[in-house]
file run02.cif (mmCIF, C-alpha atoms)
data_input
#
loop_
_atom_site.label_atom_id
_atom_site.label_comp_id
_atom_site.auth_asym_id
_atom_site.auth_seq_id
_atom_site.Cartn_x
_atom_site.Cartn_y
_atom_site.Cartn_z
CA MET A 90 188.96 19.32 94.53
CA PHE A 91 191.10 22.41 94.90
CA GLU A 92 194.71 22.47 93.71
CA PRO A 93 197.39 22.76 96.44
CA ILE A 94 198.58 26.35 96.81
CA ASP A 95 202.25 25.37 96.36
CA LYS A 96 201.43 23.73 93.03
CA LEU A 97 199.37 26.72 91.91
CA ARG A 98 202.19 29.05 92.87
CA ASP A 99 204.52 27.22 90.48
CA ILE A 100 201.97 27.26 87.67
CA CYS A 101 200.21 30.58 88.06
CA GLN A 102 202.92 32.94 89.26
CA LYS A 103 205.72 34.24 87.08
CA LYS A 104 209.13 32.94 88.06
CA ASP A 105 210.32 36.41 89.10
CA TYR A 106 207.04 37.54 90.66
CA LYS A 107 208.80 38.40 93.94
CA LYS A 108 211.37 40.55 92.14
CA THR A 109 209.38 42.65 89.68
CA GLY A 110 206.67 45.22 90.24
CA ASN A 111 205.84 47.38 93.24
CA MET A 112 206.23 46.15 96.81
CA MET A 113 202.50 45.75 97.41
CA ALA A 114 202.13 43.49 94.38
CA ARG A 115 205.29 41.49 95.17
CA PHE A 116 204.62 40.80 98.83
CA VAL A 117 200.85 41.09 99.30
CA THR A 118 198.50 41.21 96.33
CA ARG A 119 199.84 38.45 94.08
CA ASP A 120 199.84 35.95 96.94
CA MET A 121 196.35 37.01 98.08
CA ALA A 122 195.04 36.76 94.53
CA LEU A 123 196.30 33.18 94.26
CA TYR A 124 193.79 32.02 96.89
CA ILE A 125 190.93 33.55 94.89
CA THR A 126 192.33 32.01 91.72
CA ARG A 127 192.24 28.65 93.50
CA LEU A 128 188.51 29.09 94.12
CA LEU A 129 187.77 30.25 90.57
CA ILE A 130 189.65 27.57 88.63
CA PRO A 131 186.96 24.84 89.12
CA THR A 132 184.27 27.23 87.84
CA GLY A 133 185.76 27.31 84.34
CA ILE A 134 185.90 31.12 84.31
CA THR A 135 188.22 32.54 81.67
CA ALA A 136 190.91 35.19 82.06
CA ASN A 137 188.96 37.61 79.83
CA GLN A 138 185.85 37.14 81.97
CA VAL A 139 187.93 38.01 85.04
CA VAL A 140 189.11 41.19 83.28
CA PHE A 141 185.47 42.11 82.64
CA ILE A 142 184.63 41.56 86.31
CA THR A 143 187.63 43.70 87.19
CA ILE A 144 186.30 46.52 85.00
CA MET A 145 182.92 46.24 86.71
CA LEU A 146 184.56 46.56 90.13
CA GLY A 147 186.24 49.73 88.90
CA VAL A 148 182.92 51.06 87.59
CA ILE A 149 181.25 50.38 90.95
CA SER A 150 184.11 52.14 92.73
CA ALA A 151 183.76 55.17 90.45
CA VAL A 152 179.98 55.37 90.98
CA CYS A 153 180.44 55.20 94.76
CA PHE A 154 183.04 57.97 94.69
CA ALA A 155 180.75 60.13 92.54
CA PHE A 156 178.08 60.27 95.29
CA GLY A 157 180.47 62.39 97.34
CA SER A 158 179.30 61.35 100.83
CA VAL A 159 181.83 60.03 103.35
CA PHE A 160 180.09 56.66 103.49
CA MET A 161 180.00 56.21 99.70
CA THR A 162 183.59 57.39 99.42
CA LEU A 163 184.59 54.68 101.89
CA ALA A 164 182.60 52.16 99.82
CA GLY A 165 184.39 53.42 96.70
CA ALA A 166 187.75 52.87 98.37
CA PHE A 167 186.71 49.33 99.29
CA PHE A 168 185.80 48.48 95.67
CA PHE A 169 188.99 50.22 94.51
CA GLN A 170 190.95 47.76 96.64
CA LEU A 171 188.90 44.84 95.26
CA TRP A 172 189.64 46.06 91.74
CA TYR A 173 193.38 46.02 92.37
CA LEU A 174 193.21 42.53 93.87
CA SER A 175 191.09 41.23 90.99
CA ASP A 176 193.48 42.77 88.48
CA HIS A 177 196.10 40.19 89.52
CA ILE A 178 193.82 37.19 88.98
CA ASP A 179 193.32 37.15 85.20
CA GLY A 180 196.99 36.51 84.49
CA GLN A 181 197.08 33.67 87.00
CA ILE A 182 194.00 32.09 85.39
CA ALA A 183 195.55 32.45 81.93
CA ARG A 184 198.82 30.83 83.00
CA TYR A 185 196.96 27.97 84.70
CA ARG A 186 194.90 27.27 81.57
CA LYS A 187 197.96 27.86 79.32
CA VAL A 188 196.12 30.44 77.25
CA SER A 189 198.36 33.46 77.87
CA SER A 190 198.38 35.73 74.82
CA LEU A 191 199.33 39.22 73.70
CA THR A 192 195.63 39.88 73.06
CA GLY A 193 194.93 39.11 76.70
CA VAL A 194 197.71 41.46 77.77
CA PHE A 195 196.23 44.17 75.52
CA TYR A 196 192.75 43.69 77.02
CA ASP A 197 194.15 43.89 80.54
CA PHE A 198 196.09 47.08 79.81
CA TYR A 199 193.11 48.65 78.06
CA ALA A 200 190.96 47.85 81.09
CA HIS A 201 193.42 49.82 83.23
CA TYR A 202 192.73 52.95 81.21
CA ILE A 203 188.98 52.50 81.56
CA VAL A 204 189.16 52.05 85.33
CA HIS A 205 191.77 54.72 86.02
CA PHE A 206 189.75 57.28 84.07
CA LEU A 207 186.42 56.37 85.67
CA VAL A 208 187.67 56.09 89.25
CA LEU A 209 189.56 59.39 89.20
CA GLY A 210 186.67 61.00 87.35
CA GLY A 211 184.32 59.68 90.02
CA LEU A 212 186.48 61.25 92.71
CA ALA A 213 186.31 64.58 90.85
CA VAL A 214 182.51 64.47 90.61
CA GLY A 215 182.27 63.43 94.26
CA LEU A 216 184.36 66.41 95.38
CA TYR A 217 182.09 68.75 93.44
CA ILE A 218 178.93 67.23 94.91
CA ARG A 219 180.33 67.33 98.44
CA HIS A 220 181.54 70.95 98.28
CA VAL A 221 179.37 72.38 95.45
CA ASP A 222 182.42 74.23 94.16
CA LEU A 223 183.44 74.11 90.51
CA ARG A 224 187.10 74.57 91.47
CA PHE A 225 187.13 71.15 93.13
CA LEU A 226 185.67 69.54 90.02
CA ILE A 227 188.42 71.14 87.92
CA LEU A 228 191.02 69.99 90.45
CA GLY A 229 189.75 66.40 90.30
CA LEU A 230 189.58 66.38 86.51
CA THR A 231 193.14 67.73 86.38
CA ALA A 232 194.28 64.80 88.51
CA CYS A 233 192.33 62.42 86.25
CA PHE A 234 193.80 63.88 83.04
CA SER A 235 197.37 64.06 84.31
CA MET A 236 197.36 60.52 85.73
CA ASN A 237 196.32 59.19 82.35
CA MET A 238 198.92 61.33 80.58
CA VAL A 239 201.64 59.68 82.68
CA SER A 240 200.41 56.27 81.50
CA VAL A 241 200.09 57.45 77.89
CA ILE A 242 203.76 58.44 77.83
CA ASN A 243 204.85 54.95 78.85
CA ASP A 244 202.56 53.29 76.31
CA CYS A 245 203.64 55.61 73.49
CA ILE A 246 207.26 54.58 74.10
CA TYR A 247 206.38 50.97 73.35
CA LYS A 248 204.26 51.97 70.38
CA ALA A 249 207.36 53.73 69.05
CA PHE A 250 209.36 50.54 69.67
CA TYR A 251 206.83 48.56 67.64
CA ASN A 252 207.04 51.10 64.83
CA GLY A 253 210.83 50.85 64.85
CA LEU A 254 210.80 47.05 64.73
CA SER A 255 208.22 47.03 61.95
CA ASN A 256 210.16 49.52 59.84
CA GLU A 257 213.50 47.75 60.21
CA ARG A 258 212.00 44.38 59.22
CA MET A 259 214.91 42.37 60.57
CA ASP A 260 215.46 39.58 63.03
CA ILE A 261 215.65 40.95 66.52
CA VAL A 262 217.32 39.61 69.62
CA PHE A 263 215.76 41.02 72.75
CA LYS A 264 218.29 41.56 75.50
CA ALA A 265 216.42 39.80 78.28
CA GLY A 266 216.95 41.52 81.56
CA ALA A 267 218.48 44.60 79.98
CA LYS A 268 217.98 47.64 82.17
CA THR A 269 217.05 50.87 80.52
CA GLU A 270 218.05 52.83 83.59
CA GLU A 271 221.14 51.61 85.40
CA LYS A 272 221.23 52.37 89.10
CA LYS A 273 224.00 54.79 89.81
CA ALA A 274 226.22 54.43 92.83
CA GLU A 275 226.32 58.17 93.47
CA GLN A 276 223.56 59.97 95.30
CA ARG A 277 220.75 61.44 93.22
CA PRO A 278 220.59 65.24 93.24
CA LEU A 279 217.75 66.69 95.30
CA PRO A 280 215.58 67.76 92.31
CA LYS A 281 215.70 64.20 90.96
CA LYS A 282 214.81 62.78 94.38
CA ILE A 283 211.77 65.07 94.48
CA PHE A 284 210.75 64.04 90.96
CA VAL A 285 211.10 60.32 91.77
CA PHE A 286 208.99 60.82 94.90
CA MET A 287 206.30 62.66 92.93
CA HIS A 288 206.37 59.94 90.29
CA LYS A 289 205.83 57.34 93.02
CA LEU A 290 202.75 59.26 94.16
CA THR A 291 201.18 58.75 90.72
CA GLU A 292 201.46 54.94 90.79
CA ILE A 293 197.95 53.55 90.96
CA HIS A 294 198.52 51.31 93.99
CA VAL A 295 199.88 54.32 95.91
CA VAL A 296 196.90 56.43 94.84
CA MET A 297 194.54 53.62 95.85
CA ASN A 298 196.06 53.22 99.31
CA MET A 299 196.21 56.96 99.97
CA VAL A 300 192.57 57.33 98.91
CA THR A 301 191.61 54.41 101.15
CA VAL A 302 193.36 55.90 104.19
CA ALA A 303 191.81 59.31 103.47
CA ALA A 304 188.34 57.75 103.09
CA ILE A 305 188.65 55.91 106.42
CA LEU A 306 189.79 59.04 108.25
CA ASP A 307 187.07 61.12 106.58
CA PHE A 308 184.43 58.61 107.66
CA PHE A 309 185.47 58.47 111.31
CA PHE A 310 186.91 61.95 111.91
CA LYS A 311 185.38 64.18 109.19
CA THR A 312 188.85 65.29 108.07
CA ASP A 313 188.10 65.88 104.36
CA LEU A 314 191.48 64.36 103.50
CA ILE A 315 190.13 63.17 100.14
CA LEU A 316 190.31 66.77 98.93
CA PHE A 317 193.92 67.05 100.11
CA GLU A 318 194.80 63.70 98.44
CA VAL A 319 193.29 64.77 95.10
CA PHE A 320 195.13 68.10 95.31
CA ILE A 321 198.46 66.34 95.91
CA LEU A 322 197.75 63.93 93.06
CA ALA A 323 196.79 66.73 90.67
CA VAL A 324 200.02 68.61 91.38
CA ALA A 325 202.29 65.56 91.33
CA ALA A 326 200.81 63.99 88.18
CA THR A 327 200.85 67.29 86.28
CA VAL A 328 204.50 67.93 87.14
CA VAL A 329 205.48 64.34 86.31
CA TRP A 330 203.91 64.06 82.87
CA ILE A 331 205.10 67.51 81.70
CA PHE A 332 208.69 67.09 82.91
CA LYS A 333 208.82 63.48 81.72
CA LEU A 334 207.62 64.43 78.25
CA VAL A 335 210.15 67.26 77.96
CA HIS A 336 212.97 65.00 79.18
CA ILE A 337 212.09 62.20 76.75
CA VAL A 338 211.78 64.48 73.71
CA ASN A 339 214.81 66.68 74.40
CA GLY A 340 217.02 63.77 75.40
CA ARG A 341 215.86 61.42 72.61
CA GLU A 342 215.24 58.87 75.33
CA VAL A 343 213.08 56.57 73.20
CA ASP A 344 215.93 56.11 70.69
CA ARG A 345 218.37 55.41 73.50
CA LYS A 346 216.15 52.82 75.17
CA TYR A 347 215.38 51.19 71.82
CA SER A 348 219.12 50.80 71.14
CA GLU A 349 219.68 49.27 74.57
CA LEU A 350 216.87 46.73 74.30
CA PHE A 351 217.22 45.56 70.71
CA ARG A 352 220.02 44.75 68.33
CA GLY A 353 220.20 43.27 64.83
CA ARG A 354 221.18 39.65 64.34
#

call {"tool": "encode", "arguments": {"input": "run02.cif", "output": "structure tokens"}}
result
Amino acid sequence: MFEPIDKLRDICQKKDYKKTGNMMARFVTRDMALYITRLLIPTGITANQVVFITIMLGVISAVCFAFGSVFMTLAGAFFFQLWYLSDHIDGQIARYRKVSSLTGVFYDFYAHYIVHFLVLGGLAVGLYIRHVDLRFLILGLTACFSMNMVSVINDCIYKAFYNGLSNERMDIVFKAGAKTEEKKAEQRPLPKKIFVFMHKLTEIHVVMNMVTVAAILDFFFKTDLILFEVFILAVAATVVWIFKLVHIVNGREVDRKYSELFRGR
């Protein structure tokens, strides 16, 4: 007997799941994933097993991309989409079984690094095989490296937070809902608008959807848009991680965010 979707929604989704995260996750993927979660619950599958399956979908996607043909690139895009959908199921399973843990969160985040690296690396190899040009391999590997550097910056911020909390050894009150970047009423200057746009291009769901569209058009119209997509990603991700790193270090942004989020009690 399957659980009613409305009941599962209350159990498996976070209370603010329609308010946090990117638009695709808020309005499409989380709701779609819930129907798969409904099918998986009676099987007894665990959240960690779902994460492993998710990694395997990413591996399959990477292998397909690495073949370089238009058909295999389209297949890689399909498994890339499946990976993203599956990535929303493990948390729902964990909340249903009431086994949510920081270790599970760690495993899920670590899996992201594995898949991001392999999928983008697969795209790089596929470009080289398709064009037999070392420059395209370097371009793809640049996109792969820079995408992961953007993620590393975010993770290192929270590692610094942990170090700060451990060193202070005091009771901490977390300011729930505190915003580290307040939205300003005034218009952003043009350079900042460009940077925000480039940063958006490096978000994995945006990369996934752009690659999928490019793969479809390549398959039907022989456009070779995958090359253009990887070029755009390589440029955007490189600019984002370098400028973000300089801004954080020069502006002591980690210290500022730490002060906003935590206070002694």

call {"tool": "residues_around", "arguments": {"input": "run02.cif", "residues": "A:Thr291", "least_positions_apart": "3", "cutoff": "10 Å", "atoms": "all atoms listed in the file", "output": "MDAnalysis selection string"}}
result
chainID A and resid 232 235:237 239:240 286:288 294:297 321:327 329:330

call {"tool": "closest_residue", "arguments": {"input": "run02.cif", "among": "A:Phe309, A:Phe198, A:Tyr185, A:Phe154", "to": "A:Phe169", "atoms": "all atoms listed in the file"}}
result
A:Phe154

call {"tool": "resolve_selection", "arguments": {"input": "run02.cif", "expression": "the PyMOL selection byres ((chain A and resi 136-139) around 9)", "output": "list in words"}}
result
Ile134, Thr135, Val140, Phe141, Ile142, Thr143, Ile144, Ser175, Asp176, Ile178, Asp179, Gly180, Gln181, Ile182, Ala183, Arg186, Val188, Ser189, Gly193, Tyr196 and Asp197 of chain A

call {"tool": "residues_around", "arguments": {"input": "run02.cif", "residues": "stretch 159-167 of chain A", "least_positions_apart": "6", "cutoff": "7 Å", "atoms": "all atoms listed in the file", "output": "JSON list (two decimals) with C-alpha atoms, in the coordinates of the input"}}
result
[["chain", "number", "residue", "atom", "x", "y", "z"],
["A", 150, "SER", "CA", 184.11, 52.14, 92.73],
["A", 151, "ALA", "CA", 183.76, 55.17, 90.45],
["A", 153, "CYS", "CA", 180.44, 55.20, 94.76],
["A", 300, "VAL", "CA", 192.57, 57.33, 98.91],
["A", 301, "THR", "CA", 191.61, 54.41, 101.15],
["A", 304, "ALA", "CA", 188.34, 57.75, 103.09],
["A", 305, "ILE", "CA", 188.65, 55.91, 106.42],
["A", 307, "ASP", "CA", 187.07, 61.12, 106.58],
["A", 308, "PHE", "CA", 184.43, 58.61, 107.66]]

call {"tool": "resolve_selection", "arguments": {"input": "run02.cif", "expression": "the PyMOL selection byres ((chain A and resi 249-253) around 10)", "output": "ChimeraX atom specification"}}
result
/A:244-248,254-258,343-344,346-348,350-351

call {"tool": "write_last_selection", "arguments": {"input": "run02.cif", "atoms": "C-alpha atoms", "output": "mmCIF file, in the frame of the given file"}}
result
data_model
loop_
_atom_site.group_PDB
_atom_site.id
_atom_site.type_symbol
_atom_site.label_atom_id
_atom_site.label_comp_id
_atom_site.auth_asym_id
_atom_site.auth_seq_id
_atom_site.Cartn_x
_atom_site.Cartn_y
_atom_site.Cartn_z
ATOM 1 C CA ASP A 244 202.560 53.290 76.310
ATOM 2 C CA CYS A 245 203.640 55.610 73.490
ATOM 3 C CA ILE A 246 207.260 54.580 74.100
ATOM 4 C CA TYR A 247 206.380 50.970 73.350
ATOM 5 C CA LYS A 248 204.260 51.970 70.380
ATOM 6 C CA LEU A 254 210.800 47.050 64.730
ATOM 7 C CA SER A 255 208.220 47.030 61.950
ATOM 8 C CA ASN A 256 210.160 49.520 59.840
ATOM 9 C CA GLU A 257 213.500 47.750 60.210
ATOM 10 C CA ARG A 258 212.000 44.380 59.220
ATOM 11 C CA VAL A 343 213.080 56.570 73.200
ATOM 12 C CA ASP A 344 215.930 56.110 70.690
ATOM 13 C CA LYS A 346 216.150 52.820 75.170
ATOM 14 C CA TYR A 347 215.380 51.190 71.820
ATOM 15 C CA SER A 348 219.120 50.800 71.140
ATOM 16 C CA LEU A 350 216.870 46.730 74.300
ATOM 17 C CA PHE A 351 217.220 45.560 70.710
#

call {"tool": "atom_distance", "arguments": {"input": "run02.cif", "atom1": "atom CA of A:Val194", "atom2": "atom CA of A:Asp120"}}
result
20.1 Å

call {"tool": "atom_distance", "arguments": {"input": "run02.cif", "atom1": "atom CA of A:Leu171", "atom2": "atom CA of A:Leu146"}}
result
6.9 Å

call {"tool": "atom_distance", "arguments": {"input": "run02.cif", "atom1": "atom CA of A:Gly210", "atom2": "atom CA of A:Ala303"}}
result
17.0 Å

call {"tool": "closest_residue", "arguments": {"input": "run02.cif", "among": "A:Leu174, A:Val338, A:Ile242, A:Ala155", "to": "A:Ile218", "atoms": "only C-alpha atoms"}}
result
A:Ala155

call {"tool": "build_atoms", "arguments": {"input": "run02.cif", "residues": "stretch 281-302 of chain A", "atoms": "N, CA and C atoms", "output": "PDB file, in the frame of the given file"}}
result
ATOM      1  N   LYS A 281     216.079  65.511  91.485  1.00  0.00           N
ATOM      2  CA  LYS A 281     215.700  64.200  90.960  1.00  0.00           C
ATOM      3  C   LYS A 281     215.005  63.362  92.032  1.00  0.00           C
ATOM      4  N   LYS A 282     215.475  63.492  93.290  1.00  0.00           N
ATOM      5  CA  LYS A 282     214.810  62.780  94.380  1.00  0.00           C
ATOM      6  C   LYS A 282     213.356  63.238  94.509  1.00  0.00           C
ATOM      7  N   ILE A 283     213.137  64.536  94.380  1.00  0.00           N
ATOM      8  CA  ILE A 283     211.770  65.070  94.480  1.00  0.00           C
ATOM      9  C   ILE A 283     210.920  64.552  93.341  1.00  0.00           C
ATOM     10  N   PHE A 284     211.499  64.539  92.117  1.00  0.00           N
ATOM     11  CA  PHE A 284     210.750  64.040  90.960  1.00  0.00           C
ATOM     12  C   PHE A 284     210.396  62.570  91.120  1.00  0.00           C
ATOM     13  N   VAL A 285     211.356  61.757  91.576  1.00  0.00           N
ATOM     14  CA  VAL A 285     211.100  60.320  91.770  1.00  0.00           C
ATOM     15  C   VAL A 285     209.995  60.117  92.805  1.00  0.00           C
ATOM     16  N   PHE A 286     210.027  60.918  93.871  1.00  0.00           N
ATOM     17  CA  PHE A 286     208.990  60.820  94.900  1.00  0.00           C
ATOM     18  C   PHE A 286     207.622  61.189  94.324  1.00  0.00           C
ATOM     19  N   MET A 287     207.571  62.253  93.530  1.00  0.00           N
ATOM     20  CA  MET A 287     206.300  62.660  92.930  1.00  0.00           C
ATOM     21  C   MET A 287     205.801  61.608  91.942  1.00  0.00           C
ATOM     22  N   HIS A 288     206.736  60.999  91.222  1.00  0.00           N
ATOM     23  CA  HIS A 288     206.370  59.940  90.290  1.00  0.00           C
ATOM     24  C   HIS A 288     205.768  58.757  91.047  1.00  0.00           C
ATOM     25  N   LYS A 289     206.356  58.426  92.189  1.00  0.00           N
ATOM     26  CA  LYS A 289     205.830  57.340  93.020  1.00  0.00           C
ATOM     27  C   LYS A 289     204.397  57.632  93.458  1.00  0.00           C
ATOM     28  N   LEU A 290     204.099  58.888  93.728  1.00  0.00           N
ATOM     29  CA  LEU A 290     202.750  59.260  94.160  1.00  0.00           C
ATOM     30  C   LEU A 290     201.707  59.022  93.077  1.00  0.00           C
ATOM     31  N   THR A 291     202.135  58.944  91.809  1.00  0.00           N
ATOM     32  CA  THR A 291     201.180  58.750  90.720  1.00  0.00           C
ATOM     33  C   THR A 291     200.950  57.271  90.393  1.00  0.00           C
ATOM     34  N   GLU A 292     201.675  56.364  91.042  1.00  0.00           N
ATOM     35  CA  GLU A 292     201.460  54.940  90.790  1.00  0.00           C
ATOM     36  C   GLU A 292     200.109  54.536  91.380  1.00  0.00           C
ATOM     37  N   ILE A 293     199.362  53.767  90.619  1.00  0.00           N
ATOM     38  CA  ILE A 293     197.950  53.550  90.960  1.00  0.00           C
ATOM     39  C   ILE A 293     197.768  52.874  92.313  1.00  0.00           C
ATOM     40  N   HIS A 294     198.681  51.971  92.697  1.00  0.00           N
ATOM     41  CA  HIS A 294     198.520  51.310  93.990  1.00  0.00           C
ATOM     42  C   HIS A 294     198.761  52.298  95.133  1.00  0.00           C
ATOM     43  N   VAL A 295     199.642  53.280  94.902  1.00  0.00           N
ATOM     44  CA  VAL A 295     199.880  54.320  95.910  1.00  0.00           C
ATOM     45  C   VAL A 295     198.654  55.222  96.016  1.00  0.00           C
ATOM     46  N   VAL A 296     198.119  55.618  94.859  1.00  0.00           N
ATOM     47  CA  VAL A 296     196.900  56.430  94.840  1.00  0.00           C
ATOM     48  C   VAL A 296     195.773  55.708  95.573  1.00  0.00           C
ATOM     49  N   MET A 297     195.604  54.426  95.249  1.00  0.00           N
ATOM     50  CA  MET A 297     194.540  53.620  95.850  1.00  0.00           C
ATOM     51  C   MET A 297     194.668  53.580  97.374  1.00  0.00           C
ATOM     52  N   ASN A 298     195.871  53.331  97.861  1.00  0.00           N
ATOM     53  CA  ASN A 298     196.060  53.220  99.310  1.00  0.00           C
ATOM     54  C   ASN A 298     195.912  54.573 100.013  1.00  0.00           C
ATOM     55  N   MET A 299     196.379  55.633  99.381  1.00  0.00           N
ATOM     56  CA  MET A 299     196.210  56.960  99.970  1.00  0.00           C
ATOM     57  C   MET A 299     194.738  57.359 100.008  1.00  0.00           C
ATOM     58  N   VAL A 300     194.005  57.042  98.941  1.00  0.00           N
ATOM     59  CA  VAL A 300     192.570  57.330  98.910  1.00  0.00           C
ATOM     60  C   VAL A 300     191.849  56.509  99.981  1.00  0.00           C
ATOM     61  N   THR A 301     192.253  55.263 100.148  1.00  0.00           N
ATOM     62  CA  THR A 301     191.610  54.410 101.150  1.00  0.00           C
ATOM     63  C   THR A 301     191.833  54.950 102.563  1.00  0.00           C
ATOM     64  N   VAL A 302     193.062  55.336 102.866  1.00  0.00           N
ATOM     65  CA  VAL A 302     193.360  55.900 104.190  1.00  0.00           C
ATOM     66  C   VAL A 302     192.571  57.191 104.397  1.00  0.00           C
TER      67      VAL A 302
END
